[in-house]
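Notes follow once the structure below has been shown.
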Amino acid sequence: MIARSEEAKRLGINMGGAFYQVKDQLEAAKVAVFSSNYNLYGDMSRRVHTMLGRYTPRVDIYSIDEAFIDLSDLGDSAYLNDYGKRIVREVTKGTGIPISLGVAPTKTLAKMGSKFAKKYPGYEGCCLIDTEEKREKALKLFPIEDVWGIGWRSVDKLKYHGVRTTWDLTQKSQDWVQRMLTITGVRTWKELRGESCIDIEELPHKLSICTSRSFPDKGLSNRADVEEAIANFAARCSAKMRRQNTVCQAITIFAYTNRFRTDLPTDNIYQTFYPLVPTSDLNEIVNYAVNMLRLAWKGDGKYSYKKAGVLVWNIIDSSPIQGNLFDTVNREKQAQLSRAIDEINRKNGHNTIRMAVQGYSKRWHLKCEYISKQYTTNINDIIRLKLDK
């Protein structure tokens, strides 16, 4: 399970659980089940973000399902409340995607407001935290583990010191917060106290990126199939790094058999490579990943691998990069080629240009037995209407 509706959560369905383990329970409760549909998700995300642009010239896209919009200087609280409800109502009607909106003086408080708006229907999709009284009430109700910017590793440490709500955190001194959570935590602390100090463009990039998939049926036992999957995973990791203008200093591949099938031979592949020069280049990342798999492969047919993936880590900014005296690659030409490939793929579609090793096989793709229609991206799935005369 990679996502659950509120109804599924109330049934006690756990995040990350195997589908087959709860299949009977889901069928008995008549729960609708859908496979991942990334093309549809991406297109609907673009539509929502485009509609948000109608209400303000400043839209900062944070993720596929989150964005920050600037509503400053638009009016008083009453007007903002009506305007926010209008945004929620019109975007939901125009896209079919229900959204929630939090309005507050800082991004962290706004995210809190958005969660309250989603949880309590009385807000009609829009929650304002615009007074000191509302801020204090919201902080006392909001658990520390749900705060944007506080990692799960820090939660136990904070709870040990008696910090269980965001209000508890704001009552600590700045020096104490910096000792516990570093300077990043101080920014969160300031935001919770009403001081805006987080800019989307200044947020730190991801320190690692992983792309992985579980394979359908019994898994894959031929190297060519697993190799193609690894090549595609590596290509996606490299593209994500280039989008955030970063490079990696380490690349790891992994593949393992089905841990639930104790009647079958088991194996785990785990290999890491450290490039001579930090990179996000498509050719380099894919070649490193594929070569590691070839070196670790134990022969076709010996094992059926159920899942595989590529992890790029020790990620740093792409400029400046520490070079190496023995590096033989023309980095400038390599960067120009990468930019050209990215631009062509952006204009003509994902993987229009790809490396040959990425192939066109679909044997490693998700099974997607329960995939919904791709109404907005596939002409064969377009909605049809039948009118009776």
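By convention here, the chains of the structure tokens are called A, B, ... in the order presented, each chain's residues are numbered starting at 1, and ligands are numbered starting at 1 in the order presented.
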
Exercise. Could you find all residues in segment 276-351 of chain A that DSSP calls strand (DSSP E or B) from the backbone, and write them as a list in words?
Key: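 Assigned to strand (DSSP E or B), within segment 276-351 of chain A: Thr279, Tyr305, Lys306, Lys307, Ala308, Gly309, Val310, Leu311, Val312, Trp313, Ile316 and Asp317 of chain A.
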
Quiz item: segment 281-292 of chain A: which residues within 7 Å, counting only C-alpha atoms, same-chain residues fewer than 6 positions away excluded, as JSON, numbers by chain?
Solution: {"A": [227, 230, 231, 234, 235, 238, 253, 271, 338]}

Practice problem: List every residue of segment 107-251 of chain A that DSSP, applied to the backbone of this structure, assigns to helix (DSSP H, G or I), and report them as a PyMOL selection string. | Solution: chain A and resi 107-119+121-123+132-141+144-146+152-160+166-170+174-192+200-202+223-243

Quiz prompt | Which residue of A:Gly219, A:Asp317, A:Tyr305, A:Ile269 approaches Gln249 of chain A most closely, using only C-alpha atoms | solution = A:Asp317

Quiz prompt | Surrounding residues of Gly185 of chain A excluding itself and chain neighbours under 5 positions, 7 Å, only C-alpha atoms, as a list in words | solution =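 Listed by chain and then number, they are Ile150, Val177 and Gln178 of chain A.
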